[in-house]
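Printed here is start31.cif (mmCIF, N, CA, C and O atoms):
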data_data
loop_
_atom_site.label_atom_id
_atom_site.label_comp_id
_atom_site.auth_asym_id
_atom_site.auth_seq_id
_atom_site.Cartn_x
_atom_site.Cartn_y
_atom_site.Cartn_z
N MET A 1 18.26 -15.17 11.62
CA MET A 1 18.95 -14.26 12.52
C MET A 1 20.28 -14.87 12.93
O MET A 1 20.34 -16.04 13.27
N PRO A 2 21.36 -14.12 12.90
CA PRO A 2 22.65 -14.66 13.32
C PRO A 2 22.70 -14.86 14.83
O PRO A 2 21.79 -14.45 15.55
N ILE A 3 23.78 -15.45 15.28
CA ILE A 3 23.96 -15.69 16.71
C ILE A 3 23.92 -14.37 17.47
O ILE A 3 24.30 -13.33 16.94
N TYR A 4 23.44 -14.39 18.71
CA TYR A 4 23.38 -13.18 19.51
C TYR A 4 24.80 -12.68 19.82
O TYR A 4 25.70 -13.50 20.06
N PRO A 5 25.01 -11.37 19.86
CA PRO A 5 26.34 -10.86 20.23
C PRO A 5 26.69 -11.29 21.64
O PRO A 5 25.81 -11.45 22.50
N ARG A 6 27.98 -11.47 21.91
CA ARG A 6 28.41 -11.92 23.24
C ARG A 6 27.88 -11.02 24.35
O ARG A 6 27.53 -11.50 25.43
N SER A 7 27.83 -9.72 24.11
CA SER A 7 27.39 -8.79 25.14
C SER A 7 25.90 -8.96 25.48
O SER A 7 25.45 -8.51 26.53
N GLU A 8 25.15 -9.64 24.61
CA GLU A 8 23.72 -9.85 24.85
C GLU A 8 23.39 -11.28 25.25
O GLU A 8 22.24 -11.59 25.55
N GLN A 9 24.37 -12.17 25.24
CA GLN A 9 24.11 -13.56 25.61
C GLN A 9 23.95 -13.67 27.12
O GLN A 9 24.72 -13.08 27.88
N GLU A 10 22.92 -14.42 27.53
CA GLU A 10 22.66 -14.60 28.96
C GLU A 10 21.94 -15.91 29.20
O GLU A 10 21.32 -16.48 28.30
N THR A 11 22.06 -16.38 30.43
CA THR A 11 21.28 -17.52 30.90
C THR A 11 20.64 -17.08 32.20
O THR A 11 21.32 -16.57 33.09
N VAL A 12 19.34 -17.29 32.32
CA VAL A 12 18.60 -16.87 33.50
C VAL A 12 17.88 -18.08 34.07
O VAL A 12 17.20 -18.81 33.34
N LEU A 13 18.01 -18.29 35.38
CA LEU A 13 17.30 -19.36 36.08
C LEU A 13 16.33 -18.74 37.07
O LEU A 13 16.71 -17.86 37.85
N VAL A 14 15.07 -19.20 37.05
CA VAL A 14 14.05 -18.70 37.97
C VAL A 14 13.42 -19.90 38.66
O VAL A 14 12.97 -20.85 38.00
N PHE A 15 13.38 -19.87 40.00
CA PHE A 15 12.81 -20.97 40.77
C PHE A 15 11.40 -20.63 41.21
O PHE A 15 11.14 -19.56 41.77
N ASP A 16 10.45 -21.54 40.94
CA ASP A 16 9.06 -21.40 41.38
C ASP A 16 8.89 -22.25 42.63
O ASP A 16 8.89 -23.47 42.56
N ARG A 17 8.76 -21.60 43.76
CA ARG A 17 8.69 -22.29 45.05
C ARG A 17 7.46 -23.20 45.15
O ARG A 17 7.52 -24.27 45.75
N GLU A 18 6.35 -22.79 44.57
CA GLU A 18 5.12 -23.58 44.66
C GLU A 18 5.21 -24.90 43.92
O GLU A 18 4.73 -25.92 44.40
N THR A 19 5.82 -24.90 42.73
CA THR A 19 5.91 -26.12 41.94
C THR A 19 7.22 -26.86 42.14
O THR A 19 7.34 -28.03 41.79
N GLY A 20 8.22 -26.18 42.69
CA GLY A 20 9.53 -26.80 42.88
C GLY A 20 10.29 -26.97 41.58
O GLY A 20 11.18 -27.80 41.47
N GLU A 21 9.95 -26.17 40.57
CA GLU A 21 10.59 -26.27 39.27
C GLU A 21 11.40 -25.02 38.95
O GLU A 21 11.09 -23.92 39.41
N TRP A 22 12.42 -25.22 38.15
CA TRP A 22 13.24 -24.12 37.64
C TRP A 22 12.83 -23.85 36.20
O TRP A 22 12.63 -24.78 35.43
N THR A 23 12.77 -22.58 35.83
CA THR A 23 12.60 -22.20 34.44
C THR A 23 13.91 -21.58 34.01
O THR A 23 14.42 -20.66 34.67
N ALA A 24 14.48 -22.12 32.95
CA ALA A 24 15.76 -21.63 32.45
C ALA A 24 15.54 -21.01 31.07
O ALA A 24 14.90 -21.60 30.21
N TYR A 25 16.10 -19.82 30.89
CA TYR A 25 16.12 -19.18 29.58
C TYR A 25 17.58 -19.00 29.22
O TYR A 25 18.39 -18.58 30.05
N SER A 26 17.95 -19.31 27.98
CA SER A 26 19.33 -19.12 27.57
C SER A 26 19.44 -18.81 26.09
O SER A 26 18.70 -19.35 25.27
N CYS A 27 20.39 -17.93 25.78
CA CYS A 27 20.80 -17.70 24.39
C CYS A 27 22.32 -17.85 24.29
O CYS A 27 22.95 -17.33 23.38
N VAL A 28 22.91 -18.58 25.25
CA VAL A 28 24.33 -18.92 25.24
C VAL A 28 24.45 -20.30 24.60
O VAL A 28 23.87 -21.27 25.12
N PRO A 29 25.16 -20.43 23.48
CA PRO A 29 25.18 -21.71 22.75
C PRO A 29 25.55 -22.93 23.59
O PRO A 29 24.88 -23.96 23.50
N THR A 30 26.56 -22.84 24.45
CA THR A 30 26.93 -24.02 25.25
C THR A 30 25.84 -24.37 26.25
O THR A 30 25.59 -25.55 26.50
N HIS A 31 25.18 -23.37 26.82
CA HIS A 31 24.11 -23.64 27.77
C HIS A 31 22.89 -24.21 27.06
O HIS A 31 22.20 -25.07 27.61
N ILE A 32 22.63 -23.74 25.84
CA ILE A 32 21.51 -24.28 25.07
C ILE A 32 21.71 -25.77 24.83
O ILE A 32 20.79 -26.58 25.03
N ARG A 33 22.91 -26.17 24.42
CA ARG A 33 23.17 -27.60 24.17
C ARG A 33 22.96 -28.42 25.43
O ARG A 33 22.37 -29.50 25.40
N LYS A 34 23.42 -27.92 26.57
CA LYS A 34 23.25 -28.65 27.83
C LYS A 34 21.77 -28.73 28.22
O LYS A 34 21.30 -29.79 28.65
N LEU A 35 21.05 -27.63 28.07
CA LEU A 35 19.63 -27.63 28.42
C LEU A 35 18.85 -28.60 27.54
O LEU A 35 18.00 -29.35 28.04
N LEU A 36 19.12 -28.61 26.24
CA LEU A 36 18.40 -29.52 25.35
C LEU A 36 18.70 -30.98 25.68
O LEU A 36 17.85 -31.85 25.49
N ALA A 37 19.89 -31.24 26.21
CA ALA A 37 20.26 -32.62 26.55
C ALA A 37 19.58 -33.10 27.83
O ALA A 37 19.29 -34.29 27.95
N ILE A 38 19.31 -32.20 28.77
CA ILE A 38 18.80 -32.65 30.07
C ILE A 38 17.35 -32.30 30.35
O ILE A 38 16.72 -32.91 31.20
N ALA A 39 16.81 -31.31 29.67
CA ALA A 39 15.46 -30.83 29.99
C ALA A 39 14.38 -31.73 29.40
O ALA A 39 14.38 -31.99 28.20
N PRO A 40 13.45 -32.19 30.22
CA PRO A 40 12.35 -32.98 29.70
C PRO A 40 11.36 -32.12 28.90
O PRO A 40 10.71 -32.61 27.98
N VAL A 41 11.26 -30.84 29.25
CA VAL A 41 10.35 -29.93 28.57
C VAL A 41 11.12 -28.67 28.20
O VAL A 41 11.74 -28.05 29.04
N TYR A 42 11.10 -28.33 26.91
CA TYR A 42 11.75 -27.10 26.48
C TYR A 42 11.03 -26.54 25.26
O TYR A 42 10.31 -27.24 24.56
N THR A 43 11.24 -25.24 25.04
CA THR A 43 10.67 -24.54 23.89
C THR A 43 11.79 -23.78 23.21
O THR A 43 12.54 -23.07 23.87
N VAL A 44 11.90 -23.93 21.91
CA VAL A 44 12.88 -23.15 21.14
C VAL A 44 12.21 -21.83 20.80
O VAL A 44 11.17 -21.79 20.15
N LEU A 45 12.80 -20.74 21.25
CA LEU A 45 12.22 -19.41 21.06
C LEU A 45 12.72 -18.71 19.81
O LEU A 45 12.04 -17.85 19.26
N ASP A 46 13.92 -19.07 19.36
CA ASP A 46 14.51 -18.43 18.19
C ASP A 46 15.43 -19.43 17.51
O ASP A 46 16.13 -20.19 18.17
N ARG A 47 15.41 -19.44 16.18
CA ARG A 47 16.25 -20.35 15.41
C ARG A 47 17.07 -19.59 14.39
O ARG A 47 16.63 -18.57 13.86
N ALA A 48 18.25 -20.13 14.09
CA ALA A 48 19.08 -19.59 13.02
C ALA A 48 18.52 -20.09 11.69
O ALA A 48 17.68 -21.00 11.65
N GLU A 49 18.99 -19.54 10.59
CA GLU A 49 18.54 -19.99 9.27
C GLU A 49 18.88 -21.46 9.04
O GLU A 49 18.18 -22.16 8.32
N SER A 50 19.95 -21.92 9.70
CA SER A 50 20.35 -23.32 9.56
C SER A 50 19.44 -24.26 10.36
O SER A 50 19.52 -25.47 10.22
N GLY A 51 18.60 -23.69 11.21
CA GLY A 51 17.70 -24.51 12.03
C GLY A 51 18.19 -24.71 13.45
O GLY A 51 17.48 -25.26 14.28
N ASP A 52 19.42 -24.30 13.73
CA ASP A 52 19.97 -24.44 15.08
C ASP A 52 19.26 -23.49 16.04
O ASP A 52 18.97 -22.35 15.69
N PRO A 53 18.98 -23.95 17.27
CA PRO A 53 18.32 -23.07 18.23
C PRO A 53 19.25 -21.94 18.68
O PRO A 53 20.42 -22.18 18.97
N LEU A 54 18.73 -20.73 18.73
CA LEU A 54 19.49 -19.58 19.21
C LEU A 54 19.06 -19.15 20.61
O LEU A 54 19.84 -18.52 21.33
N ALA A 55 17.83 -19.48 20.99
CA ALA A 55 17.32 -19.15 22.31
C ALA A 55 16.31 -20.22 22.71
O ALA A 55 15.50 -20.65 21.89
N VAL A 56 16.39 -20.66 23.98
CA VAL A 56 15.46 -21.68 24.46
C VAL A 56 14.95 -21.32 25.85
O VAL A 56 15.60 -20.59 26.60
N ARG A 57 13.80 -21.88 26.18
CA ARG A 57 13.26 -21.83 27.53
C ARG A 57 13.00 -23.28 27.92
O ARG A 57 12.38 -24.02 27.16
N ALA A 58 13.48 -23.67 29.09
CA ALA A 58 13.35 -25.05 29.53
C ALA A 58 12.84 -25.11 30.96
O ALA A 58 13.05 -24.18 31.74
N THR A 59 12.18 -26.20 31.28
CA THR A 59 11.71 -26.45 32.64
C THR A 59 12.53 -27.59 33.22
O THR A 59 12.66 -28.65 32.60
N LEU A 60 13.09 -27.34 34.41
CA LEU A 60 13.94 -28.33 35.07
C LEU A 60 13.38 -28.63 36.46
O LEU A 60 12.81 -27.74 37.10
N SER A 61 13.59 -29.85 36.93
CA SER A 61 13.16 -30.19 38.28
C SER A 61 14.17 -29.61 39.28
O SER A 61 15.29 -29.26 38.92
N ALA A 62 13.77 -29.55 40.52
CA ALA A 62 14.65 -29.01 41.56
C ALA A 62 15.94 -29.82 41.68
O ALA A 62 17.00 -29.27 41.99
N LYS A 63 15.88 -31.11 41.40
CA LYS A 63 17.06 -31.96 41.52
C LYS A 63 18.03 -31.81 40.35
O LYS A 63 19.15 -32.29 40.41
N GLN A 64 17.60 -31.16 39.28
CA GLN A 64 18.48 -30.98 38.13
C GLN A 64 19.36 -29.74 38.24
O GLN A 64 20.25 -29.56 37.44
N VAL A 65 19.08 -28.90 39.22
CA VAL A 65 19.87 -27.67 39.41
C VAL A 65 20.48 -27.75 40.80
O VAL A 65 19.80 -28.05 41.77
N ARG A 66 21.78 -27.48 40.87
CA ARG A 66 22.42 -27.46 42.18
C ARG A 66 23.44 -26.34 42.23
O ARG A 66 24.00 -25.93 41.21
N MET A 67 23.67 -25.86 43.42
CA MET A 67 24.62 -24.78 43.63
C MET A 67 25.72 -25.31 44.52
O MET A 67 25.45 -25.81 45.62
N VAL A 68 26.93 -25.25 44.03
CA VAL A 68 28.06 -25.80 44.77
C VAL A 68 29.14 -24.73 44.92
O VAL A 68 29.26 -23.81 44.10
N ALA A 69 29.93 -24.88 45.97
CA ALA A 69 31.04 -23.96 46.20
C ALA A 69 32.14 -24.26 45.19
O ALA A 69 32.32 -25.40 44.76
N GLU A 70 32.87 -23.24 44.83
CA GLU A 70 34.00 -23.42 43.92
C GLU A 70 35.06 -24.25 44.64
O GLU A 70 35.38 -23.99 45.79
N PRO A 71 35.61 -25.26 43.96
CA PRO A 71 36.60 -26.11 44.63
C PRO A 71 37.85 -25.31 45.01
O PRO A 71 38.27 -24.41 44.27
N GLN A 72 38.39 -25.65 46.16
CA GLN A 72 39.62 -25.01 46.63
C GLN A 72 40.82 -25.62 45.92
O GLN A 72 40.92 -26.83 45.78
N ARG A 73 41.71 -24.80 45.44
CA ARG A 73 42.92 -25.28 44.76
C ARG A 73 43.94 -25.69 45.82
O ARG A 73 44.24 -24.92 46.73
N ARG A 74 44.44 -26.92 45.68
CA ARG A 74 45.44 -27.42 46.63
C ARG A 74 46.81 -26.87 46.30
O ARG A 74 47.22 -26.86 45.15
N GLU A 75 47.52 -26.42 47.30
CA GLU A 75 48.90 -26.00 47.13
C GLU A 75 49.76 -27.17 47.57
O GLU A 75 49.75 -27.58 48.73
N LEU A 76 50.52 -27.74 46.63
CA LEU A 76 51.33 -28.91 46.92
C LEU A 76 52.79 -28.52 47.09
O LEU A 76 53.30 -27.65 46.37
N THR A 77 53.44 -29.21 48.02
CA THR A 77 54.88 -29.04 48.16
C THR A 77 55.57 -29.86 47.08
O THR A 77 54.94 -30.71 46.42
N ASP A 78 56.85 -29.62 46.88
CA ASP A 78 57.60 -30.40 45.88
C ASP A 78 57.59 -31.88 46.24
O ASP A 78 57.51 -32.73 45.35
N GLU A 79 57.65 -32.20 47.53
CA GLU A 79 57.63 -33.60 47.96
C GLU A 79 56.29 -34.25 47.63
O GLU A 79 56.23 -35.39 47.18
N GLN A 80 55.20 -33.52 47.85
CA GLN A 80 53.88 -34.07 47.54
C GLN A 80 53.72 -34.29 46.03
O GLN A 80 53.18 -35.31 45.62
N ARG A 81 54.23 -33.36 45.23
CA ARG A 81 54.17 -33.53 43.77
C ARG A 81 54.96 -34.76 43.34
O ARG A 81 54.51 -35.53 42.49
N ALA A 82 56.14 -34.94 43.90
CA ALA A 82 56.98 -36.09 43.56
C ALA A 82 56.29 -37.39 43.96
O ALA A 82 56.31 -38.38 43.21
N GLU A 83 55.65 -37.40 45.12
CA GLU A 83 54.94 -38.60 45.59
C GLU A 83 53.77 -38.94 44.67
O GLU A 83 53.57 -40.10 44.29
N ILE A 84 53.02 -37.94 44.27
CA ILE A 84 51.88 -38.16 43.37
C ILE A 84 52.37 -38.64 42.01
O ILE A 84 51.80 -39.58 41.43
N ALA A 85 53.43 -38.03 41.50
CA ALA A 85 53.98 -38.43 40.20
C ALA A 85 54.45 -39.88 40.25
O ALA A 85 54.22 -40.65 39.31
N ALA A 86 55.11 -40.28 41.34
CA ALA A 86 55.58 -41.66 41.47
C ALA A 86 54.41 -42.63 41.52
O ALA A 86 54.45 -43.70 40.90
N ARG A 87 53.36 -42.26 42.23
CA ARG A 87 52.17 -43.12 42.33
C ARG A 87 51.50 -43.26 40.97
O ARG A 87 51.09 -44.36 40.58
N LEU A 88 51.42 -42.18 40.20
CA LEU A 88 50.83 -42.25 38.87
C LEU A 88 51.68 -43.09 37.92
O LEU A 88 51.16 -43.85 37.11
N ARG A 89 53.00 -42.93 38.00
CA ARG A 89 53.90 -43.74 37.15
C ARG A 89 53.76 -45.22 37.46
O ARG A 89 53.78 -46.06 36.56
N ALA A 90 53.60 -45.54 38.73
CA ALA A 90 53.48 -46.95 39.13
C ALA A 90 52.19 -47.58 38.60
O ALA A 90 52.14 -48.76 38.29
N ASN A 91 51.14 -46.78 38.48
CA ASN A 91 49.84 -47.30 38.01
C ASN A 91 49.67 -47.22 36.50
O ASN A 91 48.70 -47.75 35.97
N ARG A 92 50.60 -46.56 35.81
CA ARG A 92 50.49 -46.42 34.35
C ARG A 92 50.90 -47.74 33.69
O ARG A 92 51.94 -48.30 34.01
N PRO A 93 50.10 -48.22 32.73
CA PRO A 93 50.51 -49.44 32.02
C PRO A 93 51.75 -49.17 31.17
O PRO A 93 51.93 -48.08 30.65
N ASN A 94 52.59 -50.17 31.10
CA ASN A 94 53.82 -50.02 30.29
C ASN A 94 53.47 -49.94 28.82
O ASN A 94 52.61 -50.64 28.31
N ARG A 95 54.19 -49.10 28.11
CA ARG A 95 53.93 -48.94 26.68
C ARG A 95 54.96 -49.67 25.88
O ARG A 95 56.02 -49.80 25.95
#

As structure tokens, please, write out the structure in this file.
Amino acid sequence: MPIYPRSEQETVLVFDRETGEWTAYSCVPTHIRKLLAIAPVYTVLDRAESGDPLAVRATLSAKQVRMVAEPQRRELTDEQRAEIAARLRANRPNR
């Protein structure tokens, strides 16, 4: 089976309060690679003809999943940019 169409690719996380574990399902290639790298327990649900996983289900501990706020973008003045650039130039090794 070829890769899933973009419109059908998804990653779903479900938290089981009783066990404190997350169950992750994904058919998004980048998420599959990350899940296979970190998940102690996973099942490949679908494979391509080449053998690459197309869909996986993984079990993650509560500490492996976190929700964070999107970082705020700093608005710098021209003086602040110049100061940062000077500090970076001073710490750069000479070539």

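Atom pair CA of Arg87 in chain A / CA of Arg74 in chain A has a distance of 17.6 Å (rounded to one decimal).
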
**OP:** Run the PyMOL selection byres ((chain A and resi 20) around 8) on the file and write out the hits as an MDAnalysis selection string.
**Re:** chainID A and resid 14:19 21:23 60:64

For the helix (DSSP H, G or I) assignment from backbone DSSP, which residues of range 21-89 of chain A qualify? Please present them as a PDB file with N, CA, C and O atoms, in the coordinates of the input.
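Below is the file result-v1.pdb, written as the result:
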ATOM      1  N   PRO A  29      25.160 -20.430  23.480  1.00  0.00           N
ATOM      2  CA  PRO A  29      25.180 -21.710  22.750  1.00  0.00           C
ATOM      3  C   PRO A  29      25.550 -22.930  23.590  1.00  0.00           C
ATOM      4  O   PRO A  29      24.880 -23.960  23.500  1.00  0.00           O
ATOM      5  N   THR A  30      26.560 -22.840  24.450  1.00  0.00           N
ATOM      6  CA  THR A  30      26.930 -24.020  25.250  1.00  0.00           C
ATOM      7  C   THR A  30      25.840 -24.370  26.250  1.00  0.00           C
ATOM      8  O   THR A  30      25.590 -25.550  26.500  1.00  0.00           O
ATOM      9  N   HIS A  31      25.180 -23.370  26.820  1.00  0.00           N
ATOM     10  CA  HIS A  31      24.110 -23.640  27.770  1.00  0.00           C
ATOM     11  C   HIS A  31      22.890 -24.210  27.060  1.00  0.00           C
ATOM     12  O   HIS A  31      22.200 -25.070  27.610  1.00  0.00           O
ATOM     13  N   ILE A  32      22.630 -23.740  25.840  1.00  0.00           N
ATOM     14  CA  ILE A  32      21.510 -24.280  25.070  1.00  0.00           C
ATOM     15  C   ILE A  32      21.710 -25.770  24.830  1.00  0.00           C
ATOM     16  O   ILE A  32      20.790 -26.580  25.030  1.00  0.00           O
ATOM     17  N   ARG A  33      22.910 -26.170  24.420  1.00  0.00           N
ATOM     18  CA  ARG A  33      23.170 -27.600  24.170  1.00  0.00           C
ATOM     19  C   ARG A  33      22.960 -28.420  25.430  1.00  0.00           C
ATOM     20  O   ARG A  33      22.370 -29.500  25.400  1.00  0.00           O
ATOM     21  N   LYS A  34      23.420 -27.920  26.570  1.00  0.00           N
ATOM     22  CA  LYS A  34      23.250 -28.650  27.830  1.00  0.00           C
ATOM     23  C   LYS A  34      21.770 -28.730  28.220  1.00  0.00           C
ATOM     24  O   LYS A  34      21.300 -29.790  28.650  1.00  0.00           O
ATOM     25  N   LEU A  35      21.050 -27.630  28.070  1.00  0.00           N
ATOM     26  CA  LEU A  35      19.630 -27.630  28.420  1.00  0.00           C
ATOM     27  C   LEU A  35      18.850 -28.600  27.540  1.00  0.00           C
ATOM     28  O   LEU A  35      18.000 -29.350  28.040  1.00  0.00           O
ATOM     29  N   LEU A  36      19.120 -28.610  26.240  1.00  0.00           N
ATOM     30  CA  LEU A  36      18.400 -29.520  25.350  1.00  0.00           C
ATOM     31  C   LEU A  36      18.700 -30.980  25.680  1.00  0.00           C
ATOM     32  O   LEU A  36      17.850 -31.850  25.490  1.00  0.00           O
ATOM     33  N   ALA A  37      19.890 -31.240  26.210  1.00  0.00           N
ATOM     34  CA  ALA A  37      20.260 -32.620  26.550  1.00  0.00           C
ATOM     35  C   ALA A  37      19.580 -33.100  27.830  1.00  0.00           C
ATOM     36  O   ALA A  37      19.290 -34.290  27.950  1.00  0.00           O
ATOM     37  N   ILE A  38      19.310 -32.200  28.770  1.00  0.00           N
ATOM     38  CA  ILE A  38      18.800 -32.650  30.070  1.00  0.00           C
ATOM     39  C   ILE A  38      17.350 -32.300  30.350  1.00  0.00           C
ATOM     40  O   ILE A  38      16.720 -32.910  31.200  1.00  0.00           O
ATOM     41  N   ALA A  62      13.770 -29.550  40.520  1.00  0.00           N
ATOM     42  CA  ALA A  62      14.650 -29.010  41.560  1.00  0.00           C
ATOM     43  C   ALA A  62      15.940 -29.820  41.680  1.00  0.00           C
ATOM     44  O   ALA A  62      17.000 -29.270  41.990  1.00  0.00           O
ATOM     45  N   LYS A  63      15.880 -31.110  41.400  1.00  0.00           N
ATOM     46  CA  LYS A  63      17.060 -31.960  41.520  1.00  0.00           C
ATOM     47  C   LYS A  63      18.030 -31.810  40.350  1.00  0.00           C
ATOM     48  O   LYS A  63      19.150 -32.290  40.410  1.00  0.00           O
ATOM     49  N   GLN A  64      17.600 -31.160  39.280  1.00  0.00           N
ATOM     50  CA  GLN A  64      18.480 -30.980  38.130  1.00  0.00           C
ATOM     51  C   GLN A  64      19.360 -29.740  38.240  1.00  0.00           C
ATOM     52  O   GLN A  64      20.250 -29.560  37.440  1.00  0.00           O
ATOM     53  N   ASP A  78      56.850 -29.620  46.880  1.00  0.00           N
ATOM     54  CA  ASP A  78      57.600 -30.400  45.880  1.00  0.00           C
ATOM     55  C   ASP A  78      57.590 -31.880  46.240  1.00  0.00           C
ATOM     56  O   ASP A  78      57.510 -32.730  45.350  1.00  0.00           O
ATOM     57  N   GLU A  79      57.650 -32.200  47.530  1.00  0.00           N
ATOM     58  CA  GLU A  79      57.630 -33.600  47.960  1.00  0.00           C
ATOM     59  C   GLU A  79      56.290 -34.250  47.630  1.00  0.00           C
ATOM     60  O   GLU A  79      56.230 -35.390  47.180  1.00  0.00           O
ATOM     61  N   GLN A  80      55.200 -33.520  47.850  1.00  0.00           N
ATOM     62  CA  GLN A  80      53.880 -34.070  47.540  1.00  0.00           C
ATOM     63  C   GLN A  80      53.720 -34.290  46.030  1.00  0.00           C
ATOM     64  O   GLN A  80      53.180 -35.310  45.620  1.00  0.00           O
ATOM     65  N   ARG A  81      54.230 -33.360  45.230  1.00  0.00           N
ATOM     66  CA  ARG A  81      54.170 -33.530  43.770  1.00  0.00           C
ATOM     67  C   ARG A  81      54.960 -34.760  43.340  1.00  0.00           C
ATOM     68  O   ARG A  81      54.510 -35.530  42.490  1.00  0.00           O
ATOM     69  N   ALA A  82      56.140 -34.940  43.900  1.00  0.00           N
ATOM     70  CA  ALA A  82      56.980 -36.090  43.560  1.00  0.00           C
ATOM     71  C   ALA A  82      56.290 -37.390  43.960  1.00  0.00           C
ATOM     72  O   ALA A  82      56.310 -38.380  43.210  1.00  0.00           O
ATOM     73  N   GLU A  83      55.650 -37.400  45.120  1.00  0.00           N
ATOM     74  CA  GLU A  83      54.940 -38.600  45.590  1.00  0.00           C
ATOM     75  C   GLU A  83      53.770 -38.940  44.670  1.00  0.00           C
ATOM     76  O   GLU A  83      53.570 -40.100  44.290  1.00  0.00           O
ATOM     77  N   ILE A  84      53.020 -37.940  44.270  1.00  0.00           N
ATOM     78  CA  ILE A  84      51.880 -38.160  43.370  1.00  0.00           C
ATOM     79  C   ILE A  84      52.370 -38.640  42.010  1.00  0.00           C
ATOM     80  O   ILE A  84      51.800 -39.580  41.430  1.00  0.00           O
ATOM     81  N   ALA A  85      53.430 -38.030  41.500  1.00  0.00           N
ATOM     82  CA  ALA A  85      53.980 -38.430  40.200  1.00  0.00           C
ATOM     83  C   ALA A  85      54.450 -39.880  40.250  1.00  0.00           C
ATOM     84  O   ALA A  85      54.220 -40.650  39.310  1.00  0.00           O
ATOM     85  N   ALA A  86      55.110 -40.280  41.340  1.00  0.00           N
ATOM     86  CA  ALA A  86      55.580 -41.660  41.470  1.00  0.00           C
ATOM     87  C   ALA A  86      54.410 -42.630  41.520  1.00  0.00           C
ATOM     88  O   ALA A  86      54.450 -43.700  40.900  1.00  0.00           O
ATOM     89  N   ARG A  87      53.360 -42.260  42.230  1.00  0.00           N
ATOM     90  CA  ARG A  87      52.170 -43.120  42.330  1.00  0.00           C
ATOM     91  C   ARG A  87      51.500 -43.260  40.970  1.00  0.00           C
ATOM     92  O   ARG A  87      51.090 -44.360  40.580  1.00  0.00           O
ATOM     93  N   LEU A  88      51.420 -42.180  40.200  1.00  0.00           N
ATOM     94  CA  LEU A  88      50.830 -42.250  38.870  1.00  0.00           C
ATOM     95  C   LEU A  88      51.680 -43.090  37.920  1.00  0.00           C
ATOM     96  O   LEU A  88      51.160 -43.850  37.110  1.00  0.00           O
ATOM     97  N   ARG A  89      53.000 -42.930  38.000  1.00  0.00           N
ATOM     98  CA  ARG A  89      53.900 -43.740  37.150  1.00  0.00           C
ATOM     99  C   ARG A  89      53.760 -45.220  37.460  1.00  0.00           C
ATOM    100  O   ARG A  89      53.780 -46.060  36.560  1.00  0.00           O
TER     101      ARG A  89
END

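Relative to CA of Asp52 in chain A, CA of Ala37 in chain A is found at 14.1 Å.
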
Original post:
Mind telling me what the PyMOL selection byres (((chain A and resi 47 and name CA) around 12) and name CA) catches here, as a ChimeraX atom specification?
Top reply: /A:1-4,27,29,32,43-46,48-56

Subject >> Length of the atom O of Pro5 in chain A to atom C of Val28 in chain A vector [Å] >> reply: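 Computing the Euclidean distance for atom O of Pro5 in chain A and atom C of Val28 in chain A yields 9.2 Å.
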
**OP:** Choose the residue, out of A:Ala86, A:Met67, A:Ala39, A:Ala58, that has the smallest atom-to-atom separation from Ala24 in chain A; count all atoms listed in the file.
**Re:**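 Among the listed residues, A:Ala58 lies closest to Ala24 in chain A.
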
Original post:
With distances taken over all atoms listed in the file, which of A:Leu88, A:Arg57, A:Glu70, A:Glu79 is nearest to Leu35 in chain A?
Top reply: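 For Leu35 in chain A, the nearest of the candidates is A:Arg57.
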
Original post:
Where does DSSP see strand (DSSP E) in chain A, if you list the residues as a VMD selection string?
Top reply: chain A and resid 11 to 16 21 to 26 41 to 47 53 to 61

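Minimum atom-to-atom distances from A:Ala69, A:Thr59, A:Leu13, A:Arg92 to Tyr42 in chain A were compared using all atoms listed in the file, and the lowest value belongs to A:Thr59.
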
How big is the axis-aligned box around all listed atoms of range 67-83 of chain A once 5 Å goes on each side, and where's its centre, in Å to one decimal, as JSON?
{"center_x": 40.7, "center_y": -31.7, "center_z": 45.6, "size_x": 44.0, "size_y": 26.9, "size_z": 16.2}
